[in-house]
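K.L.:
As input, take structure.pdb (PDB, C-alpha atoms):
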```pdb
MODEL        1
ATOM      1  CA  VAL A  17      19.970  -4.197  16.394  1.00  0.00           C
ATOM      2  CA  ALA A  18      17.000  -5.010  14.113  1.00  0.00           C
ATOM      3  CA  PRO A  19      14.821  -2.042  15.252  1.00  0.00           C
ATOM      4  CA  GLN A  20      17.733   0.369  14.656  1.00  0.00           C
ATOM      5  CA  ALA A  21      18.353  -1.112  11.213  1.00  0.00           C
ATOM      6  CA  MET A  22      14.672  -0.722  10.292  1.00  0.00           C
ATOM      7  CA  LYS A  23      14.747   2.888  11.513  1.00  0.00           C
ATOM      8  CA  TYR A  24      17.674   3.703   9.191  1.00  0.00           C
ATOM      9  CA  LEU A  25      16.062   1.842   6.300  1.00  0.00           C
ATOM     10  CA  GLY A  26      12.906   3.932   6.749  1.00  0.00           C
ATOM     11  CA  LYS A  27      14.925   7.158   6.772  1.00  0.00           C
ATOM     12  CA  GLY A  28      16.730   6.018   3.644  1.00  0.00           C
ATOM     13  CA  LYS A  29      13.460   5.417   1.807  1.00  0.00           C
ATOM     14  CA  THR A  30      12.134   8.795   2.914  1.00  0.00           C
ATOM     15  CA  GLN A  31      15.293  10.485   1.610  1.00  0.00           C
ATOM     16  CA  SER A  32      15.015   8.540  -1.668  1.00  0.00           C
ATOM     17  CA  ALA A  33      11.425   9.734  -2.077  1.00  0.00           C
ATOM     18  CA  LYS A  34      12.508  13.354  -1.543  1.00  0.00           C
ATOM     19  CA  ILE A  35      15.191  13.001  -4.207  1.00  0.00           C
ATOM     20  CA  GLN A  36      12.800  11.338  -6.670  1.00  0.00           C
ATOM     21  CA  ILE A  37      10.253  14.107  -6.075  1.00  0.00           C
ATOM     22  CA  GLU A  38      12.920  16.723  -6.840  1.00  0.00           C
ATOM     23  CA  ASN A  39      13.850  14.867 -10.049  1.00  0.00           C
ATOM     24  CA  LEU A  40      10.201  14.581 -11.096  1.00  0.00           C
ATOM     25  CA  SER A  41       9.768  18.289 -10.393  1.00  0.00           C
ATOM     26  CA  ALA A  42      12.721  19.101 -12.666  1.00  0.00           C
ATOM     27  CA  ALA A  43      11.162  16.963 -15.431  1.00  0.00           C
ATOM     28  CA  LEU A  44       7.827  18.760 -14.954  1.00  0.00           C
ATOM     29  CA  ASP A  45       9.602  22.115 -15.255  1.00  0.00           C
ATOM     30  CA  MET A  46      11.356  21.002 -18.467  1.00  0.00           C
ATOM     31  CA  TYR A  47       8.011  19.858 -19.893  1.00  0.00           C
ATOM     32  CA  ARG A  48       6.542  23.295 -19.082  1.00  0.00           C
ATOM     33  CA  LEU A  49       9.451  25.077 -20.755  1.00  0.00           C
ATOM     34  CA  GLU A  50       9.014  23.076 -23.961  1.00  0.00           C
ATOM     35  CA  VAL A  51       5.222  22.667 -24.130  1.00  0.00           C
ATOM     36  CA  GLY A  52       4.198  25.927 -22.455  1.00  0.00           C
ATOM     37  CA  LYS A  53       2.222  24.489 -19.537  1.00  0.00           C
ATOM     38  CA  TYR A  54       2.502  21.760 -16.953  1.00  0.00           C
ATOM     39  CA  PRO A  55       1.094  18.370 -17.960  1.00  0.00           C
ATOM     40  CA  GLU A  56      -2.424  17.333 -17.009  1.00  0.00           C
ATOM     41  CA  ASN A  57      -1.160  13.871 -16.070  1.00  0.00           C
ATOM     42  CA  ILE A  58       2.291  12.895 -14.792  1.00  0.00           C
ATOM     43  CA  LYS A  59       2.417  10.130 -17.425  1.00  0.00           C
ATOM     44  CA  ASP A  60       2.558  12.888 -20.048  1.00  0.00           C
ATOM     45  CA  LEU A  61       6.249  13.095 -19.127  1.00  0.00           C
ATOM     46  CA  VAL A  62       6.850   9.794 -20.910  1.00  0.00           C
ATOM     47  CA  VAL A  63       4.037   9.548 -23.488  1.00  0.00           C
ATOM     48  CA  GLN A  64       3.269  12.535 -25.683  1.00  0.00           C
ATOM     49  CA  PRO A  65      -0.305  13.706 -25.160  1.00  0.00           C
ATOM     50  CA  SER A  66      -2.280  14.784 -28.196  1.00  0.00           C
ATOM     51  CA  GLY A  67      -1.902  18.464 -28.934  1.00  0.00           C
ATOM     52  CA  ALA A  68       1.296  18.882 -26.889  1.00  0.00           C
ATOM     53  CA  ARG A  69       3.246  21.026 -29.335  1.00  0.00           C
ATOM     54  CA  GLY A  70       6.935  21.283 -28.513  1.00  0.00           C
ATOM     55  CA  TRP A  71       6.955  17.984 -26.580  1.00  0.00           C
ATOM     56  CA  ASN A  72      10.487  16.657 -26.723  1.00  0.00           C
ATOM     57  CA  GLY A  73      10.290  13.725 -24.303  1.00  0.00           C
ATOM     58  CA  PRO A  74      10.357  11.387 -22.754  1.00  0.00           C
ATOM     59  CA  TYR A  75      11.452  13.596 -19.883  1.00  0.00           C
ATOM     60  CA  LEU A  76      12.323  10.737 -17.532  1.00  0.00           C
ATOM     61  CA  LYS A  77      15.098   8.179 -17.796  1.00  0.00           C
ATOM     62  CA  LYS A  78      13.953   4.680 -18.671  1.00  0.00           C
ATOM     63  CA  GLY A  79      10.822   6.185 -20.245  1.00  0.00           C
ATOM     64  CA  GLU A  80       8.624   5.488 -17.232  1.00  0.00           C
ATOM     65  CA  VAL A  81       7.317   7.315 -14.186  1.00  0.00           C
ATOM     66  CA  PRO A  82       9.003   5.730 -11.167  1.00  0.00           C
ATOM     67  CA  LYS A  83       7.132   4.367  -8.183  1.00  0.00           C
ATOM     68  CA  ASP A  84       7.991   5.727  -4.759  1.00  0.00           C
ATOM     69  CA  PRO A  85      10.351   3.657  -2.558  1.00  0.00           C
ATOM     70  CA  TRP A  86       7.331   1.813  -1.109  1.00  0.00           C
ATOM     71  CA  ASP A  87       6.174   0.816  -4.632  1.00  0.00           C
ATOM     72  CA  ASN A  88       3.264   3.267  -4.710  1.00  0.00           C
ATOM     73  CA  ASP A  89       2.441   5.876  -7.341  1.00  0.00           C
ATOM     74  CA  TYR A  90       3.477   9.451  -6.740  1.00  0.00           C
ATOM     75  CA  GLN A  91       0.512  11.791  -6.347  1.00  0.00           C
ATOM     76  CA  TYR A  92       0.327  14.586  -8.934  1.00  0.00           C
ATOM     77  CA  LYS A  93      -2.382  17.237  -9.057  1.00  0.00           C
ATOM     78  CA  ARG A  94      -2.668  20.257 -11.301  1.00  0.00           C
ATOM     79  CA  PRO A  95      -3.341  22.970 -10.367  1.00  0.00           C
ATOM     80  CA  GLY A  96      -1.769  22.609  -6.964  1.00  0.00           C
ATOM     81  CA  SER A  97      -2.789  23.995  -3.614  1.00  0.00           C
ATOM     82  CA  ASN A  98      -1.665  27.239  -1.977  1.00  0.00           C
ATOM     83  CA  GLY A  99      -0.966  28.934  -5.303  1.00  0.00           C
ATOM     84  CA  HIS A 100       1.484  26.303  -6.532  1.00  0.00           C
ATOM     85  CA  PRO A 101       1.215  25.265 -10.196  1.00  0.00           C
ATOM     86  CA  TYR A 102       1.029  21.587  -9.160  1.00  0.00           C
ATOM     87  CA  ASP A 103       1.280  19.307  -6.135  1.00  0.00           C
ATOM     88  CA  LEU A 104       3.621  16.316  -6.117  1.00  0.00           C
ATOM     89  CA  SER A 105       3.860  13.923  -3.193  1.00  0.00           C
ATOM     90  CA  SER A 106       4.306  10.421  -1.826  1.00  0.00           C
ATOM     91  CA  PHE A 107       1.990   9.026   0.844  1.00  0.00           C
ATOM     92  CA  GLY A 108       4.959   7.402   2.610  1.00  0.00           C
ATOM     93  CA  ALA A 109       5.228   3.843   3.897  1.00  0.00           C
ATOM     94  CA  ASP A 110       1.520   3.353   4.642  1.00  0.00           C
ATOM     95  CA  GLY A 111       0.417   4.444   1.159  1.00  0.00           C
ATOM     96  CA  ALA A 112      -2.362   6.575   2.690  1.00  0.00           C
ATOM     97  CA  ASN A 113      -2.869  10.292   3.166  1.00  0.00           C
ATOM     98  CA  GLY A 114      -1.473  11.644   6.447  1.00  0.00           C
ATOM     99  CA  GLY A 115       0.560   9.716   8.975  1.00  0.00           C
ATOM    100  CA  GLU A 116       3.605  10.203  11.143  1.00  0.00           C
ATOM    101  CA  GLY A 117       7.200   9.044  11.027  1.00  0.00           C
ATOM    102  CA  GLU A 118       7.836   6.752   8.067  1.00  0.00           C
ATOM    103  CA  ASP A 119       4.100   6.898   7.220  1.00  0.00           C
ATOM    104  CA  ALA A 120       4.174  10.696   6.857  1.00  0.00           C
ATOM    105  CA  ASP A 121       3.438  12.231   3.476  1.00  0.00           C
ATOM    106  CA  ILE A 122       6.391  13.692   1.586  1.00  0.00           C
ATOM    107  CA  ASN A 123       5.451  16.814  -0.371  1.00  0.00           C
ATOM    108  CA  LEU A 124       7.426  18.828  -2.890  1.00  0.00           C
ATOM    109  CA  TRP A 125       6.589  22.191  -1.334  1.00  0.00           C
ATOM    110  CA  GLN A 126       7.270  21.121   2.284  1.00  0.00           C
ATOM    111  CA  GLN A 127      10.783  19.685   1.973  1.00  0.00           C
TER
ENDMDL
END
```
Could the structure of this file be written out as structure tokens, please?
P.N.:
Amino acid sequence: VAPQAMKYLGKGKTQSAKIQIENLSAALDMYRLEVGKYPENIKDLVVQPSGARGWNGPYLKKGEVPKDPWDNDYQYKRPGSNGHPYDLSSFGADGANGGEGEDADINLWQQ
């Protein structure tokens, strides 16, 4: 029973990460609409950077950038790869780039 329970827990955390990434993406889009560009740093969603005219944040509830379900920081890079304006991802359970199963990276553009 324990291995099955751990399997479902892992899937639940992966699904939670996907949902959080979608929510962060929506906040990034709102920031862009109000400021005119995507932020340089994901923390700009909660603390107004100097020179950010039109900033009307914080753009995240609780005024903080959440950690992923494994208590690691989400990875944000601007500009993004493959023509995307930014990349947003979680490294999964292992907290390292790459991996399979629960350790696999969860990326905004590959959901």
K.L.:
When the PyMOL selection byres ((chain A and resi 54) around 8) is applied to the structure above, which residues does it catch, written out as a ChimeraX atom specification?
P.N.:
/A:44-45,47-48,51-53,55-56,94,101-102
K.L.:
If you measure from CA of Tyr90 (chain A) to CA of Thr30 (chain A), what distance in Å do you get, rounded to one decimal?
P.N.:
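So the answer is 13.0 Å.
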K.L.:
When you count all atoms listed in the file, which of these residues is closest to Leu104 (chain A): A:Pro85, A:Ile35, A:Ile122, A:Leu76?
P.N.:
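For Leu104 (chain A), the nearest of the candidates is A:Ile122.
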K.L.:
Expand the PyMOL selection byres ((chain A and resi 69) around 9) into the individual residues it matches in the shown file, reporting them as an MDAnalysis selection string.
P.N.:
chainID A and resid 50:52 66:68 70:72
K.L.:
Figure out the distance between CA of Ala109 (chain A) and CA of Asn88 (chain A), please, to one decimal in Å.
P.N.:
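So the two atoms, CA of Asn88 (chain A) and CA of Ala109 (chain A), lie 8.8 Å apart.
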K.L.:
Skip Glu118 (chain A) itself and residues of its chain fewer than 2 positions away, then list as a PyMOL selection string all residues within 9 Å of it, counting all atoms listed in the file.
P.N.:
chain A and resi 23+26-27+29-30+108-110+115-116+120-121
K.L.:
Just region 44-58 of chain A from the block, all heavy atoms, as a PDB file, in the first residue's frame, could you?
P.N.:
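The result, written out as out_17.pdb:
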```pdb
ATOM      1  N   LEU A  44       2.456  36.962 -14.435  1.00  0.00           N
ATOM      2  CA  LEU A  44       3.468  37.556 -15.321  1.00  0.00           C
ATOM      3  C   LEU A  44       2.803  38.292 -16.477  1.00  0.00           C
ATOM      4  O   LEU A  44       3.232  39.384 -16.866  1.00  0.00           O
ATOM      5  CB  LEU A  44       4.415  36.470 -15.850  1.00  0.00           C
ATOM      6  CG  LEU A  44       5.384  35.890 -14.826  1.00  0.00           C
ATOM      7  CD1 LEU A  44       5.971  34.570 -15.317  1.00  0.00           C
ATOM      8  CD2 LEU A  44       6.496  36.884 -14.514  1.00  0.00           C
ATOM      9  N   ASP A  45       1.732  37.715 -17.019  1.00  0.00           N
ATOM     10  CA  ASP A  45       1.009  38.372 -18.111  1.00  0.00           C
ATOM     11  C   ASP A  45       0.348  39.667 -17.632  1.00  0.00           C
ATOM     12  O   ASP A  45       0.358  40.680 -18.351  1.00  0.00           O
ATOM     13  CB  ASP A  45      -0.037  37.433 -18.707  1.00  0.00           C
ATOM     14  CG  ASP A  45       0.578  36.277 -19.487  1.00  0.00           C
ATOM     15  OD1 ASP A  45       1.766  36.359 -19.864  1.00  0.00           O
ATOM     16  OD2 ASP A  45      -0.135  35.270 -19.695  1.00  0.00           O
ATOM     17  N   MET A  46      -0.207  39.672 -16.429  1.00  0.00           N
ATOM     18  CA  MET A  46      -0.825  40.884 -15.882  1.00  0.00           C
ATOM     19  C   MET A  46       0.248  41.961 -15.685  1.00  0.00           C
ATOM     20  O   MET A  46       0.018  43.133 -16.002  1.00  0.00           O
ATOM     21  CB  MET A  46      -1.532  40.576 -14.565  1.00  0.00           C
ATOM     22  CG  MET A  46      -2.219  41.786 -13.958  1.00  0.00           C
ATOM     23  SD  MET A  46      -3.491  42.518 -15.009  1.00  0.00           S
ATOM     24  CE  MET A  46      -4.720  41.246 -14.967  1.00  0.00           C
ATOM     25  N   TYR A  47       1.389  41.575 -15.153  1.00  0.00           N
ATOM     26  CA  TYR A  47       2.503  42.514 -14.988  1.00  0.00           C
ATOM     27  C   TYR A  47       2.844  43.148 -16.339  1.00  0.00           C
ATOM     28  O   TYR A  47       2.990  44.355 -16.457  1.00  0.00           O
ATOM     29  CB  TYR A  47       3.722  41.765 -14.423  1.00  0.00           C
ATOM     30  CG  TYR A  47       4.945  42.616 -14.194  1.00  0.00           C
ATOM     31  CD1 TYR A  47       5.282  43.048 -12.926  1.00  0.00           C
ATOM     32  CD2 TYR A  47       5.796  42.968 -15.247  1.00  0.00           C
ATOM     33  CE1 TYR A  47       6.417  43.814 -12.702  1.00  0.00           C
ATOM     34  CE2 TYR A  47       6.922  43.736 -15.041  1.00  0.00           C
ATOM     35  CZ  TYR A  47       7.230  44.153 -13.769  1.00  0.00           C
ATOM     36  OH  TYR A  47       8.353  44.911 -13.551  1.00  0.00           O
ATOM     37  N   ARG A  48       2.966  42.310 -17.383  1.00  0.00           N
ATOM     38  CA  ARG A  48       3.304  42.819 -18.716  1.00  0.00           C
ATOM     39  C   ARG A  48       2.249  43.799 -19.227  1.00  0.00           C
ATOM     40  O   ARG A  48       2.579  44.829 -19.812  1.00  0.00           O
ATOM     41  CB  ARG A  48       3.452  41.678 -19.709  1.00  0.00           C
ATOM     42  CG  ARG A  48       3.855  42.181 -21.092  1.00  0.00           C
ATOM     43  CD  ARG A  48       3.820  41.059 -22.118  1.00  0.00           C
ATOM     44  NE  ARG A  48       3.980  41.602 -23.436  1.00  0.00           N
ATOM     45  CZ  ARG A  48       3.011  42.118 -24.182  1.00  0.00           C
ATOM     46  NH1 ARG A  48       1.782  42.187 -23.716  1.00  0.00           N
ATOM     47  NH2 ARG A  48       3.247  42.585 -25.392  1.00  0.00           N
ATOM     48  N   LEU A  49       0.980  43.480 -19.004  1.00  0.00           N
ATOM     49  CA  LEU A  49      -0.083  44.378 -19.449  1.00  0.00           C
ATOM     50  C   LEU A  49       0.013  45.749 -18.784  1.00  0.00           C
ATOM     51  O   LEU A  49      -0.228  46.777 -19.413  1.00  0.00           O
ATOM     52  CB  LEU A  49      -1.457  43.775 -19.158  1.00  0.00           C
ATOM     53  CG  LEU A  49      -1.910  42.658 -20.083  1.00  0.00           C
ATOM     54  CD1 LEU A  49      -3.178  42.009 -19.550  1.00  0.00           C
ATOM     55  CD2 LEU A  49      -2.136  43.192 -21.493  1.00  0.00           C
ATOM     56  N   GLU A  50       0.377  45.764 -17.501  1.00  0.00           N
ATOM     57  CA  GLU A  50       0.398  47.025 -16.759  1.00  0.00           C
ATOM     58  C   GLU A  50       1.722  47.772 -16.879  1.00  0.00           C
ATOM     59  O   GLU A  50       1.730  48.996 -16.909  1.00  0.00           O
ATOM     60  CB  GLU A  50       0.052  46.760 -15.295  1.00  0.00           C
ATOM     61  CG  GLU A  50      -1.390  46.307 -15.148  1.00  0.00           C
ATOM     62  CD  GLU A  50      -1.837  46.125 -13.717  1.00  0.00           C
ATOM     63  OE1 GLU A  50      -1.000  46.143 -12.798  1.00  0.00           O
ATOM     64  OE2 GLU A  50      -3.051  45.937 -13.521  1.00  0.00           O
ATOM     65  N   VAL A  51       2.828  47.065 -16.950  1.00  0.00           N
ATOM     66  CA  VAL A  51       4.148  47.707 -16.978  1.00  0.00           C
ATOM     67  C   VAL A  51       4.677  47.855 -18.405  1.00  0.00           C
ATOM     68  O   VAL A  51       5.460  48.746 -18.694  1.00  0.00           O
ATOM     69  CB  VAL A  51       5.149  46.913 -16.090  1.00  0.00           C
ATOM     70  CG1 VAL A  51       6.544  47.488 -16.163  1.00  0.00           C
ATOM     71  CG2 VAL A  51       4.656  46.874 -14.650  1.00  0.00           C
ATOM     72  N   GLY A  52       4.224  46.968 -19.307  1.00  0.00           N
ATOM     73  CA  GLY A  52       4.651  47.069 -20.696  1.00  0.00           C
ATOM     74  C   GLY A  52       5.716  46.070 -21.103  1.00  0.00           C
ATOM     75  O   GLY A  52       6.092  46.004 -22.264  1.00  0.00           O
ATOM     76  N   LYS A  53       6.208  45.292 -20.164  1.00  0.00           N
ATOM     77  CA  LYS A  53       7.199  44.251 -20.466  1.00  0.00           C
ATOM     78  C   LYS A  53       7.167  43.236 -19.327  1.00  0.00           C
ATOM     79  O   LYS A  53       6.635  43.515 -18.245  1.00  0.00           O
ATOM     80  CB  LYS A  53       8.601  44.835 -20.593  1.00  0.00           C
ATOM     81  CG  LYS A  53       9.117  45.455 -19.308  1.00  0.00           C
ATOM     82  CD  LYS A  53      10.522  46.001 -19.472  1.00  0.00           C
ATOM     83  CE  LYS A  53      11.012  46.528 -18.124  1.00  0.00           C
ATOM     84  NZ  LYS A  53      12.408  46.851 -18.143  1.00  0.00           N
ATOM     85  N   TYR A  54       7.715  42.076 -19.597  1.00  0.00           N
ATOM     86  CA  TYR A  54       7.788  41.069 -18.535  1.00  0.00           C
ATOM     87  C   TYR A  54       8.883  41.463 -17.551  1.00  0.00           C
ATOM     88  O   TYR A  54       9.852  42.133 -17.924  1.00  0.00           O
ATOM     89  CB  TYR A  54       8.077  39.686 -19.122  1.00  0.00           C
ATOM     90  CG  TYR A  54       6.871  39.099 -19.820  1.00  0.00           C
ATOM     91  CD1 TYR A  54       6.775  39.087 -21.200  1.00  0.00           C
ATOM     92  CD2 TYR A  54       5.820  38.574 -19.085  1.00  0.00           C
ATOM     93  CE1 TYR A  54       5.664  38.558 -21.842  1.00  0.00           C
ATOM     94  CE2 TYR A  54       4.698  38.049 -19.715  1.00  0.00           C
ATOM     95  CZ  TYR A  54       4.630  38.045 -21.087  1.00  0.00           C
ATOM     96  OH  TYR A  54       3.522  37.536 -21.712  1.00  0.00           O
ATOM     97  N   PRO A  55       8.742  41.053 -16.292  1.00  0.00           N
ATOM     98  CA  PRO A  55       9.751  41.434 -15.294  1.00  0.00           C
ATOM     99  C   PRO A  55      11.098  40.766 -15.548  1.00  0.00           C
ATOM    100  O   PRO A  55      11.164  39.689 -16.143  1.00  0.00           O
ATOM    101  CB  PRO A  55       9.145  40.953 -13.973  1.00  0.00           C
ATOM    102  CG  PRO A  55       8.197  39.874 -14.344  1.00  0.00           C
ATOM    103  CD  PRO A  55       7.686  40.219 -15.705  1.00  0.00           C
ATOM    104  N   GLU A  56      12.148  41.425 -15.090  1.00  0.00           N
ATOM    105  CA  GLU A  56      13.493  40.846 -15.176  1.00  0.00           C
ATOM    106  C   GLU A  56      13.645  39.718 -14.171  1.00  0.00           C
ATOM    107  O   GLU A  56      14.350  38.748 -14.418  1.00  0.00           O
ATOM    108  CB  GLU A  56      14.557  41.919 -14.911  1.00  0.00           C
ATOM    109  CG  GLU A  56      14.561  43.045 -15.927  1.00  0.00           C
ATOM    110  CD  GLU A  56      14.910  42.568 -17.325  1.00  0.00           C
ATOM    111  OE1 GLU A  56      15.780  41.682 -17.469  1.00  0.00           O
ATOM    112  OE2 GLU A  56      14.281  43.066 -18.282  1.00  0.00           O
ATOM    113  N   ASN A  57      12.981  39.856 -13.026  1.00  0.00           N
ATOM    114  CA  ASN A  57      13.093  38.896 -11.935  1.00  0.00           C
ATOM    115  C   ASN A  57      11.682  38.539 -11.482  1.00  0.00           C
ATOM    116  O   ASN A  57      10.828  39.419 -11.392  1.00  0.00           O
ATOM    117  CB  ASN A  57      13.893  39.537 -10.790  1.00  0.00           C
ATOM    118  CG  ASN A  57      14.193  38.591  -9.671  1.00  0.00           C
ATOM    119  OD1 ASN A  57      13.312  37.927  -9.127  1.00  0.00           O
ATOM    120  ND2 ASN A  57      15.455  38.527  -9.311  1.00  0.00           N
ATOM    121  N   ILE A  58      11.442  37.290 -11.179  1.00  0.00           N
ATOM    122  CA  ILE A  58      10.089  36.872 -10.764  1.00  0.00           C
ATOM    123  C   ILE A  58       9.650  37.565  -9.477  1.00  0.00           C
ATOM    124  O   ILE A  58       8.469  37.774  -9.241  1.00  0.00           O
ATOM    125  CB  ILE A  58       9.998  35.339 -10.656  1.00  0.00           C
ATOM    126  CG1 ILE A  58       8.529  34.919 -10.683  1.00  0.00           C
ATOM    127  CG2 ILE A  58      10.756  34.820  -9.446  1.00  0.00           C
ATOM    128  CD1 ILE A  58       8.306  33.458 -10.951  1.00  0.00           C
TER     129      ILE A  58
END
```
